[in-house]
Structures are given as structure tokens and as C-alpha cells.
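S.K.: Dropping the structure in here first, questions after.
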Amino acid sequence: MHRPELRVAVIGAGAAGLCAARHLLEERRALCSEVAVFEQSGSVGGIWVYSEKIGTDEYGVPFNCMYRDLRTNLPKEIMAFPDYAFKSDLPSFVGHSDVKEYLESYADHFKIRKHIQFHTKVELVRPTVSEDGRNKCIWEVTVSNLINKSTMTEIFDAVLVCSGHYSKPYIPHIPGIEKFKGQVMHSQDYRFPDAFAGKNVVLLGAGPSGTDIAFELSAIAKAVVLSYSQLSLPFALPCNVSLAPGVDHFLEDRVVFLDGTEQLADIFMFCTGYQLFFPYLSQEVGLQVQESIVPPLYKHIVCANFPSLFFIGMCKKVCPFPHFHCQILFVLSILDGSYVLPSETEMNSTVEEAYKSFMSHGTSLRHFHTLGNLQWDYHDDLAHLGKFSPLPAFIQSIYCAVKESRAKDFASYKNDNYRVISDSEWLLDVKK
């Protein structure tokens, strides 16, 4: 069967963008005549590139929200792409530098670097109609070189948005914050605990970053308070870390919580996550991020209005690299014609029904892209539709085992080591 040679743009050279390029460039597919990866920084790795600096670099590119002593909260055995393993001599829970090295090795192994345009910012992605008589939607992608300030516009048949969702912090307004005389920051700017020695610290949000930072600060801060909507966590906290309800307002030297209790605070840190942000998409796309969701995305990936525009990695609480792998193989099945998308009307209807079903369980729509235990059926569904091999069973099994271990002992679960025996079997080496 003849397959057209496609020109595809990939936005971002983090894990998702590298995985996209790796599969788009695969010779046996003979799918693409050109794959252009646009990366605004000077290196591959995306969020896994650490710098002690905060704010933006000399070209206005934000530094990543990575802190010095971070270790992954999932073991490397299920962090890895299914077709490329981490070094076997590493512990299961690795540092950010190990992940960056892994992604650099991945890029080199699959010869991706020559397709990446570094220090190149995507300024505009605009749909237009081809002039070859086929009345086909194509994409004008305008980029700027951050070093020499030049700009250029190229035409692509498809665009994969792989720019992640960790660039624009979400900072809710809290009454009285302008009166607070302590330091206010977002976890995006947290790097190491040294400056928190002897301080009273309040963290708003008890997600992965909030809890991880609270444990790290507990060794050096005077007191740490985790402000969280749910007044319980599935694991024990250090003796100088406590839970409090949401924040009601600030006074000059303290934080007042919703139950009326107060906490003296030297530092207040928003651990409130990030906003989805796609400033380069033109108005014609009609994308309006609502409640932390991107509507309407069929299968959390396909822009229903423009089905050659794909979003990779919008979902949260997933095994990220295997998740990207499944999403990208599904996109390739669309591009090569092995999966035929429903009509725009049908896709929109499917998304609306999914919204209704999701909210019928009493969950806010803003959590729609949060998969958690739903990820396994989701990945299997993509594999079935896209006619590719599903993820090996050990990924789900280890993921669930880690979740249980984390709940039992948050302070030491990362000392465990996992060893994969087969697609369905693994062993655990517990080191306390």
C-alpha cells in the first residue's frame, strides 16, 4: 500500500518529543519525508535538565522546575520506554541526572539529534489549506532562532505538541497575600533546602512535589505545614511536618487556614502545579483551555476540530514514558492509515460523553486528564485501536506495588529495588 511521505513538526525535545521523533523516523515505516523537532533550549531532556538558576535564561527560556536532590517516584524499570532500558547497574529510583543521561543516550541511539533545531522557539502554529487541489488541512509553523533572531515559516502535514505542562505555574490568589511579609515562592523555583534552615514553612498542595519537598525540608526547617484539602495522607509524616486545611487568608507574619487555625510563616510555597499553556497556537485552532483540560481532545490526544494536530502527554498520574510510547504509536496508526478516525462530530460527541461520565462520579472536570488507575485500560484501548503491542504486564504490576509501598513508608520506599524477570514477572529487593 502506498503511503504518502509526510512532513511532521514536533514541538519539544523532552521525553515525549524524543519518543515521537524516534518512531516517526523509523525506516521500516517509510512514513515521513521530514521530521523537524523544535526545542527552545540548548539540550534534549526537557524537564529533566537541571539548573540551580531560576527565572529565565539569556534567551528568555524558563529554567525547569527540577530540584537538586530529586529522585524519581517510579522505578526505572517502569520509567523506561518499552524499547530502551536504563543502565542495569543503576538503582531503581534514580536521580534527575540519570534520567537526563538516559534521554541523551536514547536520542543518540536512535539518531534523533540531527533532526532537532535547538534554541528555536515556536512562535505560531496556524492551520491552512493546501494549494494542491486536495483541500487538505496543513500547518504553517513559524519559528524564531533565539540566537540570531531570524524567523522562518515552514509547512507541515501534521504537528505533535510535546511541550509538556510544567512551564507556567498555577498561583491562585489568596486574600491578604500582598500584606504577608515573609517570602512567597512557587515550587518551580525550589532547588535545595539550605535556605530553609530553622524556618517556619507552609506548603500549599500535597501532590508529588509538595510531599517530596516537605520531607526534604523536614531535616532542616523548624516546622513544615502542608496545606491540603484532605486532612489525611496515606503515609506517616516526619515529626515536624503537619497537615492543615486550605488557606483562607494571610496576615503579616502568618497564614490563617480555613478552620481558623494559624501558623507563623517565614516562607510560603505554592505547590499548586502548572497551567496548560500553548501560546503558539493560532486563534483559528480555537483551543481554549478550561479547568486544566484541553477541549476537545479525542482519546486525550487528537484535536477533534483539526485531526492532524496531536497533543502528547496531557495526562497526569501515569507512567510517563510508556504512556508517551502508547500515545505516539496511536498517532502513527492515524498517520499511516491503519486507524481511521471517526468524524469530527463523532469525536466531539465521544469527548462530551466522556466528560459527562467522568463528572457523574462527582469528580471535577479539571481532573479529566488525571488517569491514575484508568491509565491501564486507556493504554490497552490505544493499542487495540492502533494495532500495536500492549504494554507488558509488569509495568502495571510494579506501578501498583510501588503505590502500596509508598503508602506504607514514604520516607524509605525509594530504597527498594525491582528486577524484571519477564513480561509478567518481577522481583523486589527491599533495603531499609
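FYI, nothing fancy with the C-alpha cells labels: chains A, B, ... in order, residues from 1 per chain, ligands from 1 as they appear.
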Please, which residues in range 271-362 of chain A fall within 10 Å of range 366-386 of chain A when counting only C-alpha atoms, and what is the closest atom pair and distance in Å to one decimal for each, ordered by chain then residue number, as CSV?
M.R.:
```
residue,atom,partner,partner_atom,distance
A:Gln290,CA,A:Arg366,CA,7.5
A:Glu291,CA,A:Arg366,CA,4.4
A:Ser292,CA,A:Arg366,CA,5.0
A:Ile293,CA,A:Arg366,CA,5.9
A:Val294,CA,A:His369,CA,8.6
A:Lys299,CA,A:Leu382,CA,8.2
A:His300,CA,A:His369,CA,7.2
A:Gly313,CA,A:His369,CA,9.5
A:Met314,CA,A:His369,CA,6.5
A:Cys315,CA,A:His369,CA,4.6
A:Lys316,CA,A:Thr370,CA,4.6
A:Lys317,CA,A:Gly372,CA,4.9
A:Val318,CA,A:Gly372,CA,5.9
A:Cys319,CA,A:Gln375,CA,8.4
A:Pro322,CA,A:His379,CA,9.0
A:His323,CA,A:His379,CA,7.2
A:Phe324,CA,A:His379,CA,9.9
A:His325,CA,A:His379,CA,9.5
A:Cys326,CA,A:His379,CA,6.2
A:Gln327,CA,A:Leu382,CA,7.1
A:Ile328,CA,A:Leu382,CA,9.7
A:Leu329,CA,A:Gly386,CA,7.0
A:Phe330,CA,A:Gly386,CA,5.0
A:Val331,CA,A:Gly386,CA,8.1
A:Leu332,CA,A:Gly386,CA,8.0
A:Ser333,CA,A:Gly386,CA,5.2
A:Ile334,CA,A:Gly386,CA,7.6
A:Gly337,CA,A:Gly386,CA,9.6
A:Ser338,CA,A:Gly386,CA,6.9
A:Tyr339,CA,A:Gly386,CA,5.8
A:Val340,CA,A:Leu385,CA,9.2
A:Leu341,CA,A:Leu385,CA,9.8
A:Ala354,CA,A:Phe368,CA,8.9
A:Tyr355,CA,A:Phe368,CA,7.4
A:Phe358,CA,A:Phe368,CA,7.0
A:Met359,CA,A:Phe368,CA,8.6
```
S.K.: Residues as selected, N, CA, C and O atoms, written as a compact mmCIF listing (two decimals), in the first residue's frame, can you do that?
M.R.:
```
# COMPACT_ATOMS: atom_id res chain seq x y z
N GLN A 290 -9.73 24.96 29.55
CA GLN A 290 -10.75 25.18 30.57
C GLN A 290 -10.54 24.20 31.71
O GLN A 290 -10.44 22.99 31.49
N GLU A 291 -10.50 24.74 32.96
CA GLU A 291 -10.43 23.86 34.12
C GLU A 291 -9.30 22.82 34.01
O GLU A 291 -9.49 21.64 34.30
N SER A 292 -8.16 23.25 33.50
CA SER A 292 -6.99 22.37 33.36
C SER A 292 -7.19 21.24 32.36
O SER A 292 -6.51 20.21 32.43
N ILE A 293 -8.13 21.40 31.44
CA ILE A 293 -8.30 20.41 30.39
C ILE A 293 -8.18 21.09 29.03
O ILE A 293 -8.32 22.30 28.91
N VAL A 294 -7.87 20.28 28.02
CA VAL A 294 -7.74 20.78 26.66
C VAL A 294 -8.93 20.23 25.86
O VAL A 294 -8.95 19.05 25.51
N LYS A 299 -9.50 10.89 22.75
CA LYS A 299 -8.53 9.98 23.39
C LYS A 299 -7.41 10.75 24.09
O LYS A 299 -6.28 10.26 24.21
N HIS A 300 -7.71 11.95 24.55
CA HIS A 300 -6.73 12.81 25.23
C HIS A 300 -5.58 13.22 24.30
O HIS A 300 -4.55 13.71 24.78
N GLY A 313 1.09 13.73 26.09
CA GLY A 313 1.48 13.94 27.48
C GLY A 313 0.64 14.90 28.27
O GLY A 313 1.11 15.46 29.26
N MET A 314 -0.63 15.08 27.88
CA MET A 314 -1.51 15.95 28.67
C MET A 314 -1.99 15.27 29.95
O MET A 314 -2.44 15.93 30.88
N CYS A 315 -1.90 13.96 30.00
CA CYS A 315 -2.45 13.21 31.14
C CYS A 315 -1.49 13.22 32.32
O CYS A 315 -0.27 13.25 32.16
N LYS A 316 -2.06 13.16 33.51
CA LYS A 316 -1.29 13.16 34.76
C LYS A 316 -1.50 11.84 35.49
O LYS A 316 -2.41 11.09 35.19
N LYS A 317 -0.64 11.60 36.48
CA LYS A 317 -0.66 10.37 37.28
C LYS A 317 -0.63 9.15 36.37
O LYS A 317 -1.53 8.31 36.38
N VAL A 318 0.42 9.10 35.56
CA VAL A 318 0.64 7.98 34.65
C VAL A 318 2.10 7.56 34.75
O VAL A 318 2.92 8.27 35.33
N CYS A 319 2.42 6.41 34.17
CA CYS A 319 3.81 6.02 33.94
C CYS A 319 4.25 6.80 32.70
O CYS A 319 3.88 6.42 31.58
N PRO A 322 6.25 5.13 29.17
CA PRO A 322 5.39 4.16 28.49
C PRO A 322 4.09 4.79 27.99
O PRO A 322 3.57 4.40 26.94
N HIS A 323 3.58 5.76 28.73
CA HIS A 323 2.37 6.48 28.32
C HIS A 323 2.61 7.22 27.01
O HIS A 323 1.80 7.14 26.07
N PHE A 324 3.73 7.96 26.93
CA PHE A 324 4.06 8.65 25.68
C PHE A 324 4.19 7.65 24.53
O PHE A 324 3.71 7.90 23.41
N HIS A 325 4.83 6.53 24.80
CA HIS A 325 5.03 5.48 23.80
C HIS A 325 3.68 5.05 23.20
O HIS A 325 3.53 4.98 21.97
N CYS A 326 2.70 4.77 24.05
CA CYS A 326 1.39 4.34 23.56
C CYS A 326 0.69 5.45 22.78
O CYS A 326 0.10 5.20 21.71
N GLN A 327 0.73 6.66 23.29
CA GLN A 327 0.06 7.77 22.61
C GLN A 327 0.67 8.00 21.23
O GLN A 327 -0.05 8.24 20.25
N ILE A 328 1.98 7.93 21.14
CA ILE A 328 2.66 8.21 19.87
C ILE A 328 2.41 7.09 18.86
O ILE A 328 2.17 7.36 17.67
N LEU A 329 2.42 5.84 19.31
CA LEU A 329 2.11 4.75 18.38
C LEU A 329 0.67 4.85 17.88
O LEU A 329 0.38 4.50 16.73
N PHE A 330 -0.23 5.36 18.71
CA PHE A 330 -1.60 5.58 18.27
C PHE A 330 -1.64 6.68 17.20
O PHE A 330 -2.33 6.55 16.18
N VAL A 331 -0.89 7.75 17.42
CA VAL A 331 -0.81 8.83 16.42
C VAL A 331 -0.26 8.28 15.11
O VAL A 331 -0.78 8.60 14.02
N LEU A 332 0.77 7.45 15.18
CA LEU A 332 1.33 6.87 13.95
C LEU A 332 0.32 6.01 13.22
O LEU A 332 0.30 5.98 11.99
N SER A 333 -0.53 5.32 13.96
CA SER A 333 -1.56 4.49 13.31
C SER A 333 -2.56 5.36 12.56
O SER A 333 -3.13 4.93 11.55
N ILE A 334 -2.76 6.58 13.04
CA ILE A 334 -3.63 7.54 12.33
C ILE A 334 -2.92 8.05 11.09
O ILE A 334 -3.49 8.09 9.99
N GLY A 337 -2.67 5.46 8.35
CA GLY A 337 -3.95 4.97 7.84
C GLY A 337 -4.43 3.65 8.41
O GLY A 337 -5.50 3.17 8.05
N SER A 338 -3.66 3.06 9.34
CA SER A 338 -4.10 1.79 9.90
C SER A 338 -5.25 1.97 10.89
O SER A 338 -5.97 1.02 11.19
N TYR A 339 -5.41 3.19 11.40
CA TYR A 339 -6.60 3.52 12.18
C TYR A 339 -7.25 4.74 11.56
O TYR A 339 -6.59 5.77 11.35
N VAL A 340 -8.53 4.64 11.25
CA VAL A 340 -9.27 5.75 10.65
C VAL A 340 -10.10 6.43 11.74
O VAL A 340 -10.94 5.79 12.39
N LEU A 341 -9.84 7.69 11.94
CA LEU A 341 -10.55 8.44 12.96
C LEU A 341 -12.04 8.55 12.64
O LEU A 341 -12.42 8.63 11.47
N ALA A 354 -17.67 11.38 27.44
CA ALA A 354 -16.62 11.07 28.42
C ALA A 354 -16.64 12.08 29.56
O ALA A 354 -16.47 11.71 30.73
N TYR A 355 -16.85 13.36 29.22
CA TYR A 355 -16.95 14.39 30.26
C TYR A 355 -18.11 14.08 31.21
O TYR A 355 -17.97 14.14 32.44
N PHE A 358 -17.42 11.13 33.42
CA PHE A 358 -16.41 11.46 34.41
C PHE A 358 -17.03 12.25 35.57
O PHE A 358 -16.80 11.94 36.74
N MET A 359 -17.85 13.25 35.23
CA MET A 359 -18.44 14.10 36.27
C MET A 359 -19.55 13.40 37.03
O MET A 359 -19.90 13.80 38.15
```
S.K.: Could you produce a table of the residues of range 6-88 of chain A lying within 12 Å of range 150-154 of chain A, with the nearest pair of atoms per residue and their separation in Å rounded to one decimal, using only C-alpha atoms, ordered by chain and increasing residue number, as a Markdown table?
M.R.:
```
| residue | atom | partner | partner_atom | distance |
| --- | --- | --- | --- | --- |
| A:Arg7 | CA | A:Glu154 | CA | 9.7 |
| A:Val8 | CA | A:Glu154 | CA | 10.4 |
| A:Ala9 | CA | A:Glu154 | CA | 9.3 |
| A:Glu34 | CA | A:Glu154 | CA | 11.4 |
| A:Val35 | CA | A:Glu154 | CA | 11.8 |
| A:Ala36 | CA | A:Glu154 | CA | 10.0 |
| A:Phe38 | CA | A:Glu154 | CA | 11.9 |
```
S.K.: Figure out the distance between CA of Asn64 in chain A and CA of Tyr50 in chain A, please, to one decimal in Å.
M.R.: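 Computing the Euclidean distance for CA of Tyr50 in chain A and CA of Asn64 in chain A yields 6.6 Å.
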S.K.: Which residues are near range 184-195 of chain A? Cut-off 10 Å, only C-alpha atoms, ignore same chain within fewer than 4 positions. Put them as JSON, numbers by chain.
M.R.: {"A": [50, 51, 52, 53, 54, 55, 62, 63, 64, 65, 66, 67, 68, 69, 70, 166, 167, 168, 169, 170, 171, 177, 178, 180, 199, 202, 203, 204, 209, 210, 213, 214, 216, 217, 218, 219, 220, 221, 266, 267, 268, 269, 270, 271, 272, 273, 274]}
S.K.: My list of candidates is A:Ser343, A:Ser412, A:Ser308, A:Ser357. Which is closest to Cys137 in chain A when distances are computed with only C-alpha atoms?
M.R.: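 Using only C-alpha atoms, the shortest distance to Cys137 in chain A belongs to A:Ser308.
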S.K.: Point out the residue among A:Leu18, A:Ala393, A:Ala223, A:Lys87 with the least atom-to-atom distance to Ser242 in chain A, counting only C-alpha atoms.
M.R.: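 Residue with the minimum atom-to-atom distance to Ser242 in chain A: A:Ala223.
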S.K.: Work out how far CA of Val285 in chain A is from CA of Pro342 in chain A, in Å to one decimal.
M.R.: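 Atom-to-atom, CA of Pro342 in chain A and CA of Val285 in chain A are spaced 19.0 Å apart.
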